[in-house]
Amino acid sequence: MNGTTGDKGTTESAAGTDGGGVVVVGAGPTGLLLAGDLAAAGVPVTLVEKRAPGISNLSRAMVVHARTLEQLDARGLADALEAKGEPLGRLRLFDRFSLDLARLPSRFPHVLVLPQYEVERVLERRAAEAGVRFAYETEVVGLTQDADGVSIEVRGAEGGPGTLRAAYAVGADGLRSAVREAVGLPFPGRSVIRSLVLADVRLAEPPPTLLTVNAVGDAFAFIAPFADGYHRVIGWNRARDVADSEPLGLDEVKEIVRAALGRDFGMHDPRWMSRFHSDERQAPAYRVGRVFLAGDAAHIHSPAGGQGMNTGLQDAANLSWKLAAAVNGRAPQGVLGGSLDRLLDTYHAERHPVGKTVLRTSGALVRLAMAKHAWTRGARAVLAAVATHVRPVRTKVLGTVTGIGFAYPAPRGAHRLVGRRAPDVALKEGRLYEVLRAGEFVLIAPQGEECGREAGRAVVAHWASARRMWLLVRPDGYVAWAGERRPTTIQFPYN
């Protein structure tokens with residue numbers, strides 16, 4: 001039973017994992033980033049995907065937020081994607097509610113309008129170059145685990161069975177995750193919007209803005225460009241609640257867009273149209289023994305705010321360095337008494353609350369956008385004004401939508417910076433996120449200070465300024481430890 005690698009064009013045995021590595025299921029953005037990180041850290045990785053090789057242009061994500069761009073920058077990928085996409089300095093959500101992204105304290109003070117398939121293409125190339133073994137046209141049909149590892153039963157394109165053995169497995173296989181079902185985790189929640197329409201069309205007239213979105217009465221519409229002259233259209237008509245399988249014609253798409261945006265921009269020549277529904281769901285646990293969930297397999301929510309793909313990529317960035325430490329037996333000094341198992345537990349502790357917050361905020365945005373009654377539309381206008389003009393509220397909303405504002409729990413008595421996102425500070429050795437490309441912890445020391453054994457495996461860098469603080473930054477760009485005095489030994493998080 002074989003699978004084919006994406007870029008290399010060679011055939012690898014899907015049963016090639018020898019039990020010491022990781023099997024990642026799902027070759028979407030989350031799985032590709034995670035697998036690439038692990039392979040770059042020297043971990044044997046097999047990436048299982050039931051689709052045939054090739055990047056699909058039917059994916060729904062169209063924007064990359066600032067925090068995701070920072071994570072991609074730490075892997076040397078952001079600049080290439082910036083060159084492919086279109087930066088947008090203001091993100092409009094509905095009516096008068098828009099976010100001024102120029103206020104973001106980031107190298108990327110914008111949202112990048114870029115189709116998901118472009119992100120996947122870059123991540124797939126990186127994963128292949130790092131040595132990930134791809135097993136396409138391979139479906140997970142069962143999973144068991146024991147004290148030493150995980151056995152994943154798979155079926156290939158020709159129907160033949162096989163078994164992959166690995167130290168750990170990650171389900172990044174979406175809404176209908178076979179991995180989540182195999183470990184018996186429920187996926188509680190409900191459908192928020194039914195019968196959304198999606199179409200890729202050409203337009204005779206250009207829309208007024210790069211991202212065009214509005215809701216009027218019973219209609220909602222969103223338009224974003226591809227680089228090839230087509231535009232992605234997402235729409236909803238409250239009065240037309242039909243099954244996803246109901247046929248969809250261009251006239252219906254035009255009608256929805258005219259109701260929400262005032263005109264249909266002369267849309268024509270559709271290359272693809274479909275209906276879908278939007279769910280709000282979250283798994284109660286992101287870890288079951290040696291099995292982890294990430295991305296849409298762990299949480300799924302409305303498309304409002306464009307946070308789906310972005311949240312999944314940030315899941316992967318959080319999990320990858322912890323799994324690499326576990327597989328390589330490299331528990332950083334001081335981490336939970338050196339316990340790799342407790343280090344792995346922090347993935348759920350840190351990312352589950354983030355997923356819950358994203359689910360709630362994206363749900364609130366879509367409910368506000370689709371407000372039906374006069375009083376709810378009035379409340380929407382008030383909330384939009386508050387979020388636009390009241391600085392603390394504006395900062396909170398900006399941080400949540402873009403991912404910049406999320407922080408992880410810190411131990412009692414820790415420095416106030418611990419658990420927070422590290423900004424891309426200037427160092428003598430370059431920008432912080434350039435130094436993070438080594439995939440290790442980074443210890444930032446004052447100028448003139450040298451570090452030896454006490455730095456452990458951390459990369460040592462120095463402030464470009466005269467600042468006297470010592471700062472330890474995790475591989476995922478969050479502060480692990482901070483202090484005004486030289487550490488006698490590296491104090492990693494969770495002491």
# chains A, B, ... in the order shown; residues from 1 in each chain; ligands from 1
call {"tool": "residues_around", "arguments": {"residues": "Leu88 in chain A", "least_positions_apart": "4", "cutoff": "8 Å", "atoms": "only C-alpha atoms", "output": "list in words"}}
result
His110, Val111, Leu112, Val113 and Leu210 of chain A
call {"tool": "closest_atom_pairs", "arguments": {"of": "range 72-119 of chain A", "to": "range 218-241 of chain A", "cutoff": "12 Å", "atoms": "only C-alpha atoms", "output": "Markdown table"}}
result
| residue | atom | partner | partner_atom | distance |
| --- | --- | --- | --- | --- |
| A:Ala83 | CA | A:Ala227 | CA | 11.5 |
| A:Lys84 | CA | A:Ala227 | CA | 8.2 |
| A:Gly85 | CA | A:Ala227 | CA | 8.0 |
| A:Glu86 | CA | A:Pro225 | CA | 9.3 |
| A:Leu88 | CA | A:Ala224 | CA | 11.4 |
| A:Arg92 | CA | A:Phe222 | CA | 10.5 |
| A:Leu93 | CA | A:Phe222 | CA | 9.8 |
| A:Phe94 | CA | A:Phe220 | CA | 9.4 |
| A:Asp95 | CA | A:Phe220 | CA | 11.2 |
| A:Leu112 | CA | A:Ala224 | CA | 11.3 |
| A:Val113 | CA | A:Ala224 | CA | 7.7 |
| A:Leu114 | CA | A:Phe226 | CA | 7.4 |
| A:Pro115 | CA | A:Phe226 | CA | 6.8 |
| A:Gln116 | CA | A:Phe226 | CA | 10.4 |
| A:Tyr117 | CA | A:Phe226 | CA | 10.4 |
| A:Glu118 | CA | A:Ala227 | CA | 10.1 |
call {"tool": "closest_residue", "arguments": {"among": "A:Gly149, A:Gly189, A:Pro303, A:Gly89", "to": "Ala169 in chain A", "atoms": "only C-alpha atoms"}}
result
A:Gly149
call {"tool": "select_by_dssp", "arguments": {"residues": "range 224-262 of chain A", "states": "helix (DSSP H, G or I)", "output": "VMD selection string"}}
result
chain A and resid 250 to 261
call {"tool": "select_by_dssp", "arguments": {"residues": "range 240-289 of chain A", "states": "strand (DSSP E or B)", "output": "PyMOL selection string"}}
result
chain A and resi 268-282+287-288
call {"tool": "write_last_selection", "arguments": {"atoms": "C-alpha atoms", "output": "short mmCIF file (atom, residue, chain, number, x, y, z; two decimals), in the first residue's frame"}}
result
data_model
loop_
_atom_site.label_atom_id
_atom_site.label_comp_id
_atom_site.auth_asym_id
_atom_site.auth_seq_id
_atom_site.Cartn_x
_atom_site.Cartn_y
_atom_site.Cartn_z
CA HIS A 268 -20.17 35.42 -15.10
CA ASP A 269 -18.30 32.29 -16.17
CA PRO A 270 -18.44 30.34 -12.88
CA ARG A 271 -15.83 27.59 -12.65
CA TRP A 272 -17.18 26.10 -9.44
CA MET A 273 -20.28 26.52 -7.24
CA SER A 274 -21.39 24.74 -4.10
CA ARG A 275 -23.48 24.96 -0.95
CA PHE A 276 -22.13 24.35 2.53
CA HIS A 277 -23.07 24.93 6.15
CA SER A 278 -21.11 26.51 8.98
CA ASP A 279 -20.75 24.72 12.32
CA GLU A 280 -19.57 25.76 15.77
CA ARG A 281 -17.90 22.77 17.42
CA GLN A 282 -14.96 22.02 19.69
CA ARG A 287 -4.92 15.21 23.67
CA VAL A 288 -5.81 11.59 24.36
#
call {"tool": "atom_distance", "arguments": {"atom1": "CA of Glu450 in chain A", "atom2": "CA of Trp481 in chain A"}}
result
17.8 Å
call {"tool": "residues_around", "arguments": {"residues": "range 408-415 of chain A", "least_positions_apart": "3", "cutoff": "10 Å", "atoms": "only C-alpha atoms", "output": "MDAnalysis selection string"}}
result
chainID A and resid 346 349:351 353:354 418:421 478:484 493:495
call {"tool": "closest_residue", "arguments": {"among": "A:Val201, A:Val141, A:Ala260, A:Val122", "to": "Ala178 in chain A", "atoms": "only C-alpha atoms"}}
result
A:Val141
call {"tool": "residues_around", "arguments": {"residues": "Asp73 in chain A", "least_positions_apart": "5", "cutoff": "12 Å", "atoms": "only C-alpha atoms", "output": "ChimeraX atom specification"}}
result
/A:66-68,78-82,106-108,317,424,431-439,476-477
call {"tool": "residues_around", "arguments": {"residues": "Val460 in chain A", "least_positions_apart": "4", "cutoff": "8 Å", "atoms": "only C-alpha atoms", "output": "MDAnalysis selection string"}}
result
chainID A and resid 442:445 451 455
call {"tool": "write_last_selection", "arguments": {"atoms": "all heavy atoms", "output": "PDB file, in the first residue's frame"}}
result
ATOM      1  N   VAL A 442      15.324  30.925  22.184  1.00  0.00           N
ATOM      2  CA  VAL A 442      16.273  32.012  21.992  1.00  0.00           C
ATOM      3  C   VAL A 442      16.422  32.768  23.311  1.00  0.00           C
ATOM      4  O   VAL A 442      15.422  33.240  23.872  1.00  0.00           O
ATOM      5  CB  VAL A 442      15.818  32.982  20.881  1.00  0.00           C
ATOM      6  CG1 VAL A 442      16.764  34.182  20.791  1.00  0.00           C
ATOM      7  CG2 VAL A 442      15.762  32.262  19.537  1.00  0.00           C
ATOM      8  N   LEU A 443      17.644  32.861  23.820  1.00  0.00           N
ATOM      9  CA  LEU A 443      17.932  33.628  25.022  1.00  0.00           C
ATOM     10  C   LEU A 443      18.483  34.988  24.597  1.00  0.00           C
ATOM     11  O   LEU A 443      19.542  35.065  23.970  1.00  0.00           O
ATOM     12  CB  LEU A 443      18.942  32.902  25.904  1.00  0.00           C
ATOM     13  CG  LEU A 443      19.384  33.663  27.161  1.00  0.00           C
ATOM     14  CD1 LEU A 443      18.210  33.894  28.113  1.00  0.00           C
ATOM     15  CD2 LEU A 443      20.519  32.921  27.874  1.00  0.00           C
ATOM     16  N   ILE A 444      17.753  36.050  24.923  1.00  0.00           N
ATOM     17  CA  ILE A 444      18.196  37.400  24.586  1.00  0.00           C
ATOM     18  C   ILE A 444      18.885  37.995  25.809  1.00  0.00           C
ATOM     19  O   ILE A 444      18.281  38.118  26.876  1.00  0.00           O
ATOM     20  CB  ILE A 444      17.014  38.279  24.153  1.00  0.00           C
ATOM     21  CG1 ILE A 444      16.247  37.615  23.003  1.00  0.00           C
ATOM     22  CG2 ILE A 444      17.504  39.662  23.731  1.00  0.00           C
ATOM     23  CD1 ILE A 444      14.991  38.359  22.590  1.00  0.00           C
ATOM     24  N   ALA A 445      20.140  38.350  25.637  1.00  0.00           N
ATOM     25  CA  ALA A 445      20.954  38.869  26.734  1.00  0.00           C
ATOM     26  C   ALA A 445      21.297  40.334  26.483  1.00  0.00           C
ATOM     27  O   ALA A 445      21.292  40.800  25.342  1.00  0.00           O
ATOM     28  CB  ALA A 445      22.237  38.046  26.856  1.00  0.00           C
ATOM     29  N   CYS A 451      27.086  33.961  27.370  1.00  0.00           N
ATOM     30  CA  CYS A 451      26.450  32.835  28.060  1.00  0.00           C
ATOM     31  C   CYS A 451      27.109  31.543  27.618  1.00  0.00           C
ATOM     32  O   CYS A 451      27.447  31.376  26.442  1.00  0.00           O
ATOM     33  CB  CYS A 451      24.967  32.779  27.732  1.00  0.00           C
ATOM     34  SG  CYS A 451      24.072  34.241  28.268  1.00  0.00           S
ATOM     35  N   ALA A 455      23.047  28.507  29.287  1.00  0.00           N
ATOM     36  CA  ALA A 455      22.083  28.728  28.202  1.00  0.00           C
ATOM     37  C   ALA A 455      21.498  27.423  27.683  1.00  0.00           C
ATOM     38  O   ALA A 455      20.528  27.453  26.927  1.00  0.00           O
ATOM     39  CB  ALA A 455      22.747  29.488  27.060  1.00  0.00           C
TER      40      ALA A 455
END
call {"tool": "atom_distance", "arguments": {"atom1": "CA of Arg258 in chain A", "atom2": "CA of Pro207 in chain A"}}
result
12.4 Å
call {"tool": "residues_around", "arguments": {"residues": "Gly305 in chain A", "least_positions_apart": "5", "cutoff": "12 Å", "atoms": "only C-alpha atoms", "output": "CSV table (one decimal) with N, CA and C atoms, in the first residue's frame"}}
result
chain,number,residue,atom,x,y,z
A,61,ALA,N,-10.5,29.3,2.9
A,61,ALA,CA,-9.8,30.4,3.6
A,61,ALA,C,-9.2,31.4,2.5
A,62,MET,N,-9.3,32.7,2.8
A,62,MET,CA,-8.8,33.7,1.9
A,62,MET,C,-7.9,34.7,2.5
A,63,VAL,N,-7.7,34.7,3.8
A,63,VAL,CA,-6.9,35.7,4.5
A,63,VAL,C,-5.9,35.0,5.4
A,64,VAL,N,-4.7,35.7,5.6
A,64,VAL,CA,-3.7,35.3,6.5
A,64,VAL,C,-3.5,36.5,7.5
A,65,HIS,N,-3.7,36.2,8.8
A,65,HIS,CA,-3.7,37.3,9.8
A,65,HIS,C,-2.2,37.5,10.3
A,91,LEU,N,-9.8,46.0,7.8
A,91,LEU,CA,-10.7,44.8,7.7
A,91,LEU,C,-12.1,45.2,8.1
A,92,ARG,N,-13.0,45.2,7.1
A,92,ARG,CA,-14.4,45.5,7.3
A,92,ARG,C,-15.2,44.2,7.6
A,93,LEU,N,-15.9,44.3,8.7
A,93,LEU,CA,-16.7,43.1,9.1
A,93,LEU,C,-18.2,43.2,8.8
A,94,PHE,N,-18.8,44.4,9.0
A,94,PHE,CA,-20.1,44.7,8.6
A,94,PHE,C,-20.4,46.1,8.9
A,97,PHE,N,-18.5,48.8,11.0
A,97,PHE,CA,-17.5,48.1,11.8
A,97,PHE,C,-16.4,47.6,11.0
A,98,SER,N,-15.2,48.3,11.2
A,98,SER,CA,-14.0,47.9,10.5
A,98,SER,C,-12.9,48.1,11.5
A,99,LEU,N,-11.8,47.3,11.2
A,99,LEU,CA,-10.6,47.3,12.1
A,99,LEU,C,-9.5,47.9,11.3
A,111,VAL,N,-3.9,42.5,7.0
A,111,VAL,CA,-4.3,41.2,6.7
A,111,VAL,C,-3.9,40.9,5.3
A,211,LEU,N,-11.4,43.4,-0.2
A,211,LEU,CA,-12.4,42.5,0.4
A,211,LEU,C,-13.7,43.3,0.5
A,213,VAL,N,-17.6,43.1,1.7
A,213,VAL,CA,-18.5,42.3,2.6
A,213,VAL,C,-19.6,43.2,3.1
A,222,PHE,N,-19.9,38.2,0.5
A,222,PHE,CA,-18.4,38.4,0.7
A,222,PHE,C,-17.8,38.2,-0.6
A,310,ASN,N,-6.1,30.2,10.2
A,310,ASN,CA,-5.1,30.9,11.0
A,310,ASN,C,-4.9,30.2,12.4
A,311,THR,N,-6.1,29.9,13.0
A,311,THR,CA,-6.0,29.2,14.3
A,311,THR,C,-5.4,27.9,14.2
A,358,VAL,N,-12.0,31.9,20.0
A,358,VAL,CA,-12.2,32.1,18.6
A,358,VAL,C,-13.6,31.7,18.2
A,359,LEU,N,-14.0,30.5,18.7
A,359,LEU,CA,-15.4,30.0,18.5
A,359,LEU,C,-16.4,31.1,18.9
A,360,ARG,N,-16.2,31.6,20.1
A,360,ARG,CA,-17.2,32.6,20.6
A,360,ARG,C,-17.2,33.9,19.8
A,361,THR,N,-16.0,34.4,19.5
A,361,THR,CA,-15.9,35.7,18.9
A,361,THR,C,-16.4,35.6,17.4
A,362,SER,N,-16.0,34.6,16.7
A,362,SER,CA,-16.5,34.4,15.3
A,362,SER,C,-18.0,34.2,15.3
A,363,GLY,N,-18.5,33.5,16.3
A,363,GLY,CA,-20.0,33.3,16.4
A,363,GLY,C,-20.7,34.6,16.7
A,364,ALA,N,-20.1,35.4,17.6
A,364,ALA,CA,-20.7,36.7,17.8
A,364,ALA,C,-20.7,37.6,16.6
A,365,LEU,N,-19.6,37.6,15.9
A,365,LEU,CA,-19.5,38.4,14.7
A,365,LEU,C,-20.6,38.0,13.6
A,366,VAL,N,-20.7,36.7,13.4
A,366,VAL,CA,-21.7,36.3,12.4
A,366,VAL,C,-23.1,36.6,12.9
A,369,ALA,N,-23.6,40.3,12.3
A,369,ALA,CA,-23.7,40.6,10.9
A,369,ALA,C,-25.1,40.2,10.3
A,397,VAL,N,-10.4,43.6,20.5
A,397,VAL,CA,-10.9,43.0,19.3
A,397,VAL,C,-9.8,42.8,18.2
A,398,LEU,N,-9.0,43.8,18.0
A,398,LEU,CA,-7.8,43.6,17.1
A,398,LEU,C,-7.0,42.4,17.5
A,399,GLY,N,-6.6,42.3,18.8
A,399,GLY,CA,-5.8,41.2,19.2
A,399,GLY,C,-6.4,39.9,19.0
A,400,THR,N,-7.7,39.8,19.2
A,400,THR,CA,-8.4,38.5,19.1
A,400,THR,C,-8.5,38.1,17.6
A,401,VAL,N,-9.0,39.0,16.8
A,401,VAL,CA,-9.2,38.6,15.4
A,401,VAL,C,-7.9,38.3,14.7
A,402,THR,N,-6.8,39.1,15.0
A,402,THR,CA,-5.5,38.9,14.3
A,402,THR,C,-4.6,37.8,15.0
A,403,GLY,N,-5.0,37.4,16.2
A,403,GLY,CA,-4.2,36.5,16.9
A,403,GLY,C,-3.0,37.1,17.7
call {"tool": "closest_residue", "arguments": {"among": "A:Glu429, A:Asp264, A:Asp37, A:Asp148", "to": "Arg290 in chain A", "atoms": "only C-alpha atoms"}}
result
A:Asp148
call {"tool": "closest_residue", "arguments": {"among": "A:Leu261, A:Ala166, A:Val140, A:Leu175", "to": "Ala294 in chain A", "atoms": "only C-alpha atoms"}}
result
A:Leu175
call {"tool": "closest_residue", "arguments": {"among": "A:Ala147, A:Arg60, A:Ser191, A:Glu153", "to": "Gly306 in chain A", "atoms": "only C-alpha atoms"}}
result
A:Arg60
call {"tool": "closest_residue", "arguments": {"among": "A:Gly54, A:Gly162, A:Gly28, A:Pro206", "to": "Gly308 in chain A", "atoms": "only C-alpha atoms"}}
result
A:Gly28
call {"tool": "atom_distance", "arguments": {"atom1": "CA of Leu164 in chain A", "atom2": "CA of Ala297 in chain A"}}
result
20.0 Å
